[in-house]
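Asker: Please find structure_6.cif (mmCIF, C-alpha atoms; chains and numbers go by the auth columns) on the next line:
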```cif
data_final
#
loop_
_atom_site.group_PDB
_atom_site.id
_atom_site.type_symbol
_atom_site.label_atom_id
_atom_site.label_comp_id
_atom_site.label_asym_id
_atom_site.label_seq_id
_atom_site.Cartn_x
_atom_site.Cartn_y
_atom_site.Cartn_z
_atom_site.B_iso_or_equiv
_atom_site.auth_seq_id
_atom_site.auth_asym_id
ATOM 1 C CA MET A 1 105.630 110.743 103.962 0.00 1 C
ATOM 2 C CA ILE A 2 107.872 108.274 105.818 0.00 2 C
ATOM 3 C CA VAL A 3 109.197 109.525 109.160 0.00 3 C
ATOM 4 C CA GLY A 4 110.629 108.065 112.370 0.00 4 C
ATOM 5 C CA VAL A 5 113.378 105.475 112.528 0.00 5 C
ATOM 6 C CA GLY A 6 112.041 103.925 109.333 0.00 6 C
ATOM 7 C CA GLY A 7 112.530 107.258 107.589 0.00 7 C
ATOM 8 C CA ILE A 8 115.998 107.671 109.061 0.00 8 C
ATOM 9 C CA ASN A 9 116.871 104.216 107.713 0.00 9 C
ATOM 10 C CA PHE A 10 116.234 105.470 104.190 0.00 10 C
ATOM 11 C CA TYR A 11 119.452 107.468 104.497 0.00 11 C
ATOM 12 C CA ALA A 12 121.554 104.453 105.450 0.00 12 C
ATOM 13 C CA ARG A 13 124.189 103.335 102.986 0.00 13 C
ATOM 14 C CA THR A 14 123.737 99.600 103.533 0.00 14 C
ATOM 15 C CA PRO A 15 121.417 97.320 105.541 0.00 15 C
ATOM 16 C CA ALA A 16 124.199 97.049 108.126 0.00 16 C
ATOM 17 C CA ASP A 17 123.874 100.810 108.757 0.00 17 C
ATOM 18 C CA ALA A 18 120.104 100.639 109.325 0.00 18 C
ATOM 19 C CA PHE A 19 118.494 100.593 112.753 0.00 19 C
ATOM 20 C CA ALA A 20 116.090 97.905 113.907 0.00 20 C
ATOM 21 C CA THR A 21 112.494 99.061 114.154 0.00 21 C
ATOM 22 C CA LEU A 22 109.267 97.187 114.768 0.00 22 C
ATOM 23 C CA ASP A 23 107.160 99.416 112.552 0.00 23 C
ATOM 24 C CA VAL A 24 107.250 101.988 109.804 0.00 24 C
ATOM 25 C CA ASP A 25 105.805 105.443 110.512 0.00 25 C
ATOM 26 C CA ALA A 26 103.893 107.233 107.762 0.00 26 C
ATOM 27 C CA LEU A 27 102.890 110.844 108.417 0.00 27 C
ATOM 28 C CA LEU A 28 99.668 111.762 106.622 0.00 28 C
ATOM 29 C CA GLU A 29 98.672 115.251 105.656 0.00 29 C
ATOM 30 C CA PRO A 30 96.129 115.802 108.431 0.00 30 C
ATOM 31 C CA ALA A 31 92.800 115.684 106.634 0.00 31 C
ATOM 32 C CA VAL A 32 89.907 113.273 107.069 0.00 32 C
ATOM 33 C CA GLU A 33 89.930 112.464 103.335 0.00 33 C
ATOM 34 C CA ASN A 34 93.572 111.401 103.484 0.00 34 C
ATOM 35 C CA LEU A 35 93.072 109.194 106.520 0.00 35 C
ATOM 36 C CA ASP A 36 89.956 107.710 104.946 0.00 36 C
ATOM 37 C CA ARG A 37 91.824 106.977 101.712 0.00 37 C
ATOM 38 C CA ALA A 38 94.804 105.431 103.517 0.00 38 C
ATOM 39 C CA LEU A 39 92.546 103.172 105.592 0.00 39 C
ATOM 40 C CA SER A 40 90.561 102.093 102.531 0.00 40 C
ATOM 41 C CA VAL A 41 93.665 101.214 100.525 0.00 41 C
ATOM 42 C CA LEU A 42 95.320 99.364 103.402 0.00 42 C
ATOM 43 C CA ALA A 43 92.124 97.490 104.299 0.00 43 C
ATOM 44 C CA GLY A 44 91.963 96.367 100.679 0.00 44 C
ATOM 45 C CA LEU A 45 95.483 94.992 101.030 0.00 45 C
ATOM 46 C CA GLY A 46 94.507 92.918 104.064 0.00 46 C
ATOM 47 C CA TYR A 47 95.543 95.237 106.888 0.00 47 C
ATOM 48 C CA SER A 48 93.564 95.473 110.113 0.00 48 C
ATOM 49 C CA PHE A 49 93.790 98.461 112.439 0.00 49 C
ATOM 50 C CA GLU A 50 94.452 99.233 116.069 0.00 50 C
ATOM 51 C CA ALA A 51 94.202 102.367 118.190 0.00 51 C
ATOM 52 C CA GLY A 52 95.921 102.207 121.550 0.00 52 C
ATOM 53 C CA ASP A 53 96.274 98.411 121.275 0.00 53 C
ATOM 54 C CA GLU A 54 92.502 98.064 120.770 0.00 54 C
ATOM 55 C CA PRO A 55 90.959 97.002 117.455 0.00 55 C
ATOM 56 C CA PHE A 56 89.850 99.986 115.402 0.00 56 C
ATOM 57 C CA VAL A 57 86.865 99.327 113.175 0.00 57 C
ATOM 58 C CA ASP A 58 85.358 102.788 112.603 0.00 58 C
ATOM 59 C CA LEU A 59 87.066 103.035 109.250 0.00 59 C
ATOM 60 C CA LYS A 60 84.246 104.948 107.587 0.00 60 C
ATOM 61 C CA ASP A 61 83.117 107.100 110.508 0.00 61 C
ATOM 62 C CA ALA A 62 84.069 110.637 109.473 0.00 62 C
ATOM 63 C CA LEU A 63 83.380 111.943 112.992 0.00 63 C
ATOM 64 C CA VAL A 64 85.813 109.479 114.552 0.00 64 C
ATOM 65 C CA LEU A 65 88.408 110.087 111.841 0.00 65 C
ATOM 66 C CA GLY A 66 87.989 113.832 112.444 0.00 66 C
ATOM 67 C CA ARG A 67 88.725 113.369 116.135 0.00 67 C
ATOM 68 C CA ILE A 68 91.871 111.425 115.315 0.00 68 C
ATOM 69 C CA ILE A 69 93.028 114.322 113.150 0.00 69 C
ATOM 70 C CA GLU A 70 92.095 116.940 115.772 0.00 70 C
ATOM 71 C CA ASN A 71 94.007 115.092 118.468 0.00 71 C
ATOM 72 C CA GLY A 72 97.027 114.437 116.250 0.00 72 C
ATOM 73 C CA ALA A 73 96.593 110.771 117.107 0.00 73 C
ATOM 74 C CA SER A 74 97.837 107.723 115.255 0.00 74 C
ATOM 75 C CA LEU A 75 96.525 104.349 114.103 0.00 75 C
ATOM 76 C CA SER A 76 98.471 101.148 113.633 0.00 76 C
ATOM 77 C CA ALA A 77 97.864 99.149 110.476 0.00 77 C
ATOM 78 C CA VAL A 78 98.799 95.516 111.007 0.00 78 C
ATOM 79 C CA HIS A 79 99.296 92.851 108.349 0.00 79 C
ATOM 80 C CA PRO A 80 100.078 89.216 109.205 0.00 80 C
ATOM 81 C CA GLU A 81 102.919 89.089 106.691 0.00 81 C
ATOM 82 C CA ALA A 82 103.813 92.635 105.707 0.00 82 C
ATOM 83 C CA GLY A 83 104.173 93.814 109.317 0.00 83 C
ATOM 84 C CA GLU A 84 103.084 97.023 110.976 0.00 84 C
ATOM 85 C CA LEU A 85 102.621 100.489 109.569 0.00 85 C
ATOM 86 C CA ASP A 86 101.812 103.367 111.910 0.00 86 C
ATOM 87 C CA LEU A 87 99.657 106.092 110.408 0.00 87 C
ATOM 88 C CA LEU A 88 100.554 109.348 112.142 0.00 88 C
ATOM 89 C CA THR A 89 98.618 112.584 111.874 0.00 89 C
ATOM 90 C CA SER A 90 101.217 114.624 113.766 0.00 90 C
ATOM 91 C CA ILE A 91 104.876 114.498 114.703 0.00 91 C
ATOM 92 C CA SER A 92 106.881 116.261 117.414 0.00 92 C
ATOM 93 C CA GLY A 93 108.322 119.629 116.478 0.00 93 C
ATOM 94 C CA PHE A 94 107.004 119.952 112.925 0.00 94 C
ATOM 95 C CA SER A 95 103.746 120.480 111.124 0.00 95 C
ATOM 96 C CA TYR A 96 103.099 118.351 108.056 0.00 96 C
ATOM 97 C CA ALA A 97 103.851 121.391 105.870 0.00 97 C
ATOM 98 C CA ASP A 98 107.159 122.041 107.651 0.00 98 C
ATOM 99 C CA LEU A 99 108.250 118.471 107.222 0.00 99 C
ATOM 100 C CA SER A 100 106.997 118.256 103.667 0.00 100 C
ATOM 101 C CA ASN A 101 109.104 121.259 102.719 0.00 101 C
ATOM 102 C CA GLY A 102 112.371 119.860 101.374 0.00 102 C
ATOM 103 C CA ALA A 103 111.395 116.224 101.899 0.00 103 C
ATOM 104 C CA ALA A 104 113.461 113.700 99.967 0.00 104 C
ATOM 105 C CA THR A 105 111.988 111.551 97.234 0.00 105 C
ATOM 106 C CA PHE A 106 113.279 108.028 96.778 0.00 106 C
ATOM 107 C CA GLU A 107 112.120 105.105 94.722 0.00 107 C
ATOM 108 C CA VAL A 108 110.710 101.941 96.283 0.00 108 C
ATOM 109 C CA ALA A 109 109.651 99.038 94.072 0.00 109 C
ATOM 110 C CA GLY A 110 109.045 101.404 91.190 0.00 110 C
ATOM 111 C CA SER A 111 107.031 103.940 93.175 0.00 111 C
ATOM 112 C CA ARG A 112 108.117 107.342 94.415 0.00 112 C
ATOM 113 C CA VAL A 113 108.178 107.604 98.204 0.00 113 C
ATOM 114 C CA ARG A 114 108.595 110.842 100.143 0.00 114 C
ATOM 115 C CA VAL A 115 110.790 110.761 103.223 0.00 115 C
ATOM 116 C CA GLY A 116 111.295 113.588 105.719 0.00 116 C
ATOM 117 C CA ARG A 117 114.714 115.230 105.645 0.00 117 C
ATOM 118 C CA LEU A 118 117.153 113.428 107.909 0.00 118 C
ATOM 119 C CA GLU A 119 117.983 116.583 109.846 0.00 119 C
ATOM 120 C CA LYS A 120 114.302 117.171 110.612 0.00 120 C
ATOM 121 C CA LEU A 121 113.619 113.561 111.563 0.00 121 C
ATOM 122 C CA LEU A 122 116.484 113.666 114.049 0.00 122 C
ATOM 123 C CA ARG A 123 115.357 117.025 115.402 0.00 123 C
ATOM 124 C CA SER A 124 111.841 115.675 115.877 0.00 124 C
ATOM 125 C CA LYS A 125 113.213 112.898 118.048 0.00 125 C
ATOM 126 C CA GLU A 126 115.175 115.436 120.049 0.00 126 C
ATOM 127 C CA VAL A 127 112.108 117.660 120.516 0.00 127 C
ATOM 128 C CA SER A 128 109.931 114.724 121.616 0.00 128 C
ATOM 129 C CA GLY A 129 112.233 114.237 124.603 0.00 129 C
ATOM 130 C CA ARG A 130 111.048 110.657 125.053 0.00 130 C
ATOM 131 C CA PRO A 131 113.757 108.519 126.678 0.00 131 C
ATOM 132 C CA LYS A 132 113.692 105.982 123.835 0.00 132 C
ATOM 133 C CA ASP A 133 114.124 108.762 121.250 0.00 133 C
ATOM 134 C CA LEU A 134 117.028 110.323 123.127 0.00 134 C
ATOM 135 C CA GLU A 135 118.597 106.890 123.479 0.00 135 C
ATOM 136 C CA PHE A 136 118.191 106.393 119.730 0.00 136 C
ATOM 137 C CA LEU A 137 119.902 109.730 119.040 0.00 137 C
ATOM 138 C CA ARG A 138 122.863 108.726 121.207 0.00 138 C
ATOM 139 C CA ALA A 139 123.146 105.451 119.291 0.00 139 C
ATOM 140 C CA PHE A 140 122.815 107.247 115.970 0.00 140 C
ATOM 141 C CA GLN A 141 125.501 109.757 116.884 0.00 141 C
ATOM 142 C CA ALA A 142 127.835 107.067 118.183 0.00 142 C
ATOM 143 C CA ARG A 143 127.423 104.987 115.031 0.00 143 C
ATOM 144 C CA ALA A 144 127.996 108.004 112.794 0.00 144 C
ATOM 145 C CA PHE A 145 131.206 108.796 114.650 0.00 145 C
ATOM 146 C CA VAL A 146 132.372 105.201 114.339 0.00 146 C
ATOM 147 C CA ASP A 147 131.720 105.414 110.602 0.00 147 C
ATOM 148 C CA ASP A 148 133.803 108.604 110.464 0.00 148 C
ATOM 149 C CA ASP A 149 136.701 106.882 112.175 0.00 149 C
ATOM 150 C CA GLN A 150 136.532 103.968 109.780 0.00 150 C
ATOM 151 C CA ARG A 151 136.656 106.098 106.643 0.00 151 C
ATOM 152 C CA MET B 1 119.527 119.928 118.101 0.00 1 V
ATOM 153 C CA SER B 2 123.173 119.734 119.003 0.00 2 V
ATOM 154 C CA GLU B 3 125.343 121.139 116.255 0.00 3 V
ATOM 155 C CA SER B 4 127.248 117.945 115.722 0.00 4 V
ATOM 156 C CA LEU B 5 124.067 115.960 115.093 0.00 5 V
ATOM 157 C CA GLY B 6 122.933 118.539 112.544 0.00 6 V
ATOM 158 C CA GLU B 7 126.271 118.389 110.793 0.00 7 V
ATOM 159 C CA ILE B 8 126.156 114.612 110.689 0.00 8 V
ATOM 160 C CA ALA B 9 122.674 114.753 109.160 0.00 9 V
ATOM 161 C CA LYS B 10 123.734 117.201 106.454 0.00 10 V
ATOM 162 C CA ARG B 11 126.808 115.154 105.603 0.00 11 V
ATOM 163 C CA ILE B 12 124.783 111.945 105.301 0.00 12 V
ATOM 164 C CA GLU B 13 122.064 113.647 103.237 0.00 13 V
ATOM 165 C CA SER B 14 124.672 114.844 100.754 0.00 14 V
ATOM 166 C CA GLN B 15 126.136 111.399 100.113 0.00 15 V
ATOM 167 C CA PRO B 16 125.741 109.930 96.612 0.00 16 V
ATOM 168 C CA TRP B 17 123.520 107.094 97.852 0.00 17 V
ATOM 169 C CA ASN B 18 120.989 109.696 99.004 0.00 18 V
ATOM 170 C CA ARG B 19 120.522 111.486 95.713 0.00 19 V
ATOM 171 C CA PRO B 20 116.865 112.164 94.866 0.00 20 V
ATOM 172 C CA GLY B 21 115.271 109.219 93.092 0.00 21 V
ATOM 173 C CA THR B 22 117.730 106.633 94.389 0.00 22 V
ATOM 174 C CA ASP B 23 116.214 103.151 94.536 0.00 23 V
ATOM 175 C CA LYS B 24 115.698 102.368 98.219 0.00 24 V
ATOM 176 C CA THR B 25 113.627 99.223 97.848 0.00 25 V
ATOM 177 C CA TRP B 26 116.177 97.410 99.984 0.00 26 V
ATOM 178 C CA VAL B 27 115.302 99.609 102.984 0.00 27 V
ATOM 179 C CA LEU B 28 111.698 98.426 103.130 0.00 28 V
ATOM 180 C CA ASN B 29 112.762 94.856 102.413 0.00 29 V
ATOM 181 C CA ALA B 30 115.299 94.996 105.261 0.00 30 V
ATOM 182 C CA MET B 31 112.784 96.474 107.712 0.00 31 V
ATOM 183 C CA SER B 32 110.178 93.894 106.684 0.00 32 V
ATOM 184 C CA ALA B 33 112.699 91.093 107.254 0.00 33 V
ATOM 185 C CA GLN B 34 113.549 92.575 110.654 0.00 34 V
ATOM 186 C CA GLN B 35 109.879 92.701 111.630 0.00 35 V
ATOM 187 C CA GLN B 36 109.416 89.094 110.517 0.00 36 V
ATOM 188 C CA PHE B 37 112.452 88.069 112.548 0.00 37 V
ATOM 189 C CA GLN B 38 111.127 89.777 115.685 0.00 38 V
ATOM 190 C CA LYS B 39 107.749 88.160 115.145 0.00 39 V
ATOM 191 C CA GLU B 40 109.356 84.711 114.978 0.00 40 V
ATOM 192 C CA VAL B 41 111.351 85.466 118.133 0.00 41 V
ATOM 193 C CA ARG B 42 108.156 86.381 119.985 0.00 42 V
ATOM 194 C CA ARG B 43 106.457 83.241 118.683 0.00 43 V
ATOM 195 C CA ALA B 44 109.403 81.070 119.761 0.00 44 V
ATOM 196 C CA LYS B 45 109.341 82.578 123.255 0.00 45 V
ATOM 197 C CA ARG B 46 105.694 81.565 123.596 0.00 46 V
ATOM 198 C CA VAL B 47 106.422 77.912 122.812 0.00 47 V
ATOM 199 C CA ARG B 48 106.760 75.787 125.925 0.00 48 V
ATOM 200 C CA THR B 49 109.928 73.731 125.897 0.00 49 V
ATOM 201 C CA ARG B 50 108.820 71.348 128.654 0.00 50 V
#
```
Reformat the file's structure so that it appears as structure tokens.
Answerer:
Amino acid sequence: MIVGVGGINFYARTPADAFATLDVDALLEPAVENLDRALSVLAGLGYSFEAGDEPFVDLKDALVLGRIIENGASLSAVHPEAGELDLLTSISGFSYADLSNGAATFEVAGSRVRVGRLEKLLRSKEVSGRPKDLEFLRAFQARAFVDDDQR
Amino acid sequence: MSESLGEIAKRIESQPWNRPGTDKTWVLNAMSAQQQFQKEVRRAKRVRTR
């Protein structure tokens, strides 16, 4: 399920309404099998992985993958051309089940993609309390109000 | 969440371009192009000009 600013961008009307982001966040249902499957598929597509800016190579170590899940940690999948995809196993304010409930389904290149509800994605940023998230919310709100004025 | 932000979210979610199943391929393409642009900017900054 796509979350974060990348997920919020799915609700934009045009590219001009989208926000710049350096990565796309994908929230996985927190289970070792899911993380294992995601890593296998992405590795097959030419992605390499990082954890905390260090190379991550324990792709098949169930113990290590289990710890990632337990800690609600994330891994970055990096591709020289396709860019960066962050694999999250947790998100502020919501469990996977909470976020999955009512998630939107859109189509991307012929495939169905699930995206967290906009209201929940914004609330997650608010709950995180990180300065960059709060700054994003101010920008989002300001842009939405500008759009209102222009309609 | 502040009420106004929640209202904005609901209004945007209900717009026709956010109907379930809408083709959003352009979103990933736009984000990929943005990432590529930022990558080129970082590469250009590393190049010595003198």
Asker: Leaving out Gln34 in chain V and any residue of its chain fewer than 3 positions from it, which residues lie within 10 Å of it when counting only C-alpha atoms, given as a PyMOL selection string?
Answerer: (chain C and resi 19-23+83) or (chain V and resi 28-31+37-40)
Asker: Could you give me, as a PyMOL selection string, the residues within 8 Å of range 4-17 of chain V, counting only C-alpha atoms and dropping anything in the same chain fewer than 3 positions from it?
Answerer: (chain C and resi 11+13+117-119+122+141+144) or (chain V and resi 1+22)
Asker: Within 9 Å of Ser100 in chain C, counting all atoms listed in the file, which residues qualify if same-chain residues fewer than 3 places away don't, as a VMD selection string?
Answerer: chain C and resid 1 95 to 97 103 to 104 114 to 117
Asker: Grab the residues selected above and save them as a PDB file, in the coordinates of the input with C-alpha atoms.
Answerer:
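This is the output file selection.pdb:
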```pdb
ATOM      1  CA  MET C   1     105.630 110.743 103.962  1.00  0.00           C
ATOM      2  CA  SER C  95     103.746 120.480 111.124  1.00  0.00           C
ATOM      3  CA  TYR C  96     103.099 118.351 108.056  1.00  0.00           C
ATOM      4  CA  ALA C  97     103.851 121.391 105.870  1.00  0.00           C
ATOM      5  CA  ALA C 103     111.395 116.224 101.899  1.00  0.00           C
ATOM      6  CA  ALA C 104     113.461 113.700  99.967  1.00  0.00           C
ATOM      7  CA  ARG C 114     108.595 110.842 100.143  1.00  0.00           C
ATOM      8  CA  VAL C 115     110.790 110.761 103.223  1.00  0.00           C
ATOM      9  CA  GLY C 116     111.295 113.588 105.719  1.00  0.00           C
ATOM     10  CA  ARG C 117     114.714 115.230 105.645  1.00  0.00           C
TER      11      ARG C 117
END
```
Asker: Draw an axis-aligned box tight on the listed atoms of range 11-25 of chain V, then pad every side by 3 Å and write out centre and edge lengths in Å to one decimal as AutoDock Vina command-line options.
Answerer:
```
--center_x 120.2 --center_y 107.2 --center_z 99.3 --size_x 19.2 --size_y 21.9 --size_z 18.5
```
Asker: Using CA of Ala139 in chain C and CA of Asn9 in chain C as the two end points, give the distance in Å to one decimal.
Answerer: 13.2 Å
Asker: Decode the PyMOL selection byres ((chain C and resi 80) around 10) for the given file into explicit residues and return them as a PyMOL selection string.
Answerer: (chain C and resi 46-48+78-79+81-84) or (chain V and resi 36+39)
Asker: Please write the residues from the selection above to a file, keeping C-alpha atoms, as a PDB file, keeping the file's coordinate frame.
Answerer:
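Wrote it out as out.pdb, contents follow:
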```
ATOM      1  CA  GLY C  46      94.507  92.918 104.064  1.00  0.00           C
ATOM      2  CA  TYR C  47      95.543  95.237 106.888  1.00  0.00           C
ATOM      3  CA  SER C  48      93.564  95.473 110.113  1.00  0.00           C
ATOM      4  CA  VAL C  78      98.799  95.516 111.007  1.00  0.00           C
ATOM      5  CA  HIS C  79      99.296  92.851 108.349  1.00  0.00           C
ATOM      6  CA  GLU C  81     102.919  89.089 106.691  1.00  0.00           C
ATOM      7  CA  ALA C  82     103.813  92.635 105.707  1.00  0.00           C
ATOM      8  CA  GLY C  83     104.173  93.814 109.317  1.00  0.00           C
ATOM      9  CA  GLU C  84     103.084  97.023 110.976  1.00  0.00           C
TER      10      GLU C  84
ATOM     11  CA  GLN V  36     109.416  89.094 110.517  1.00  0.00           C
ATOM     12  CA  LYS V  39     107.749  88.160 115.145  1.00  0.00           C
TER      13      LYS V  39
END
```
Asker: Rounded to one decimal in Å, what is the spacing between CA of Ala31 in chain C and CA of Gln35 in chain V?
Answerer: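 Separation of CA of Ala31 in chain C and CA of Gln35 in chain V: 29.1 Å.
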Asker: Using CA of Leu39 in chain C and CA of Ile91 in chain C as the two end points, give the distance in Å to one decimal.
Answerer: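 Computing it gives 19.1 Å between the two atoms.
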Asker: Mind checking which residues fall within 10 Å of range 63-70 of chain C, counting all atoms listed in the file, ignoring those fewer than 6 positions away in the same chain, and posting them as JSON, numbers by chain?
Answerer: {"C": [28, 29, 30, 31, 32, 33, 34, 35, 36, 51, 88, 89, 90]}
Asker: Quick one: apply the PyMOL selection byres ((chain C and resi 112) around 12) to the file and drop the selected residues here as a PyMOL selection string.
Answerer: (chain C and resi 1-2+104-111+113-115) or (chain V and resi 20-25)
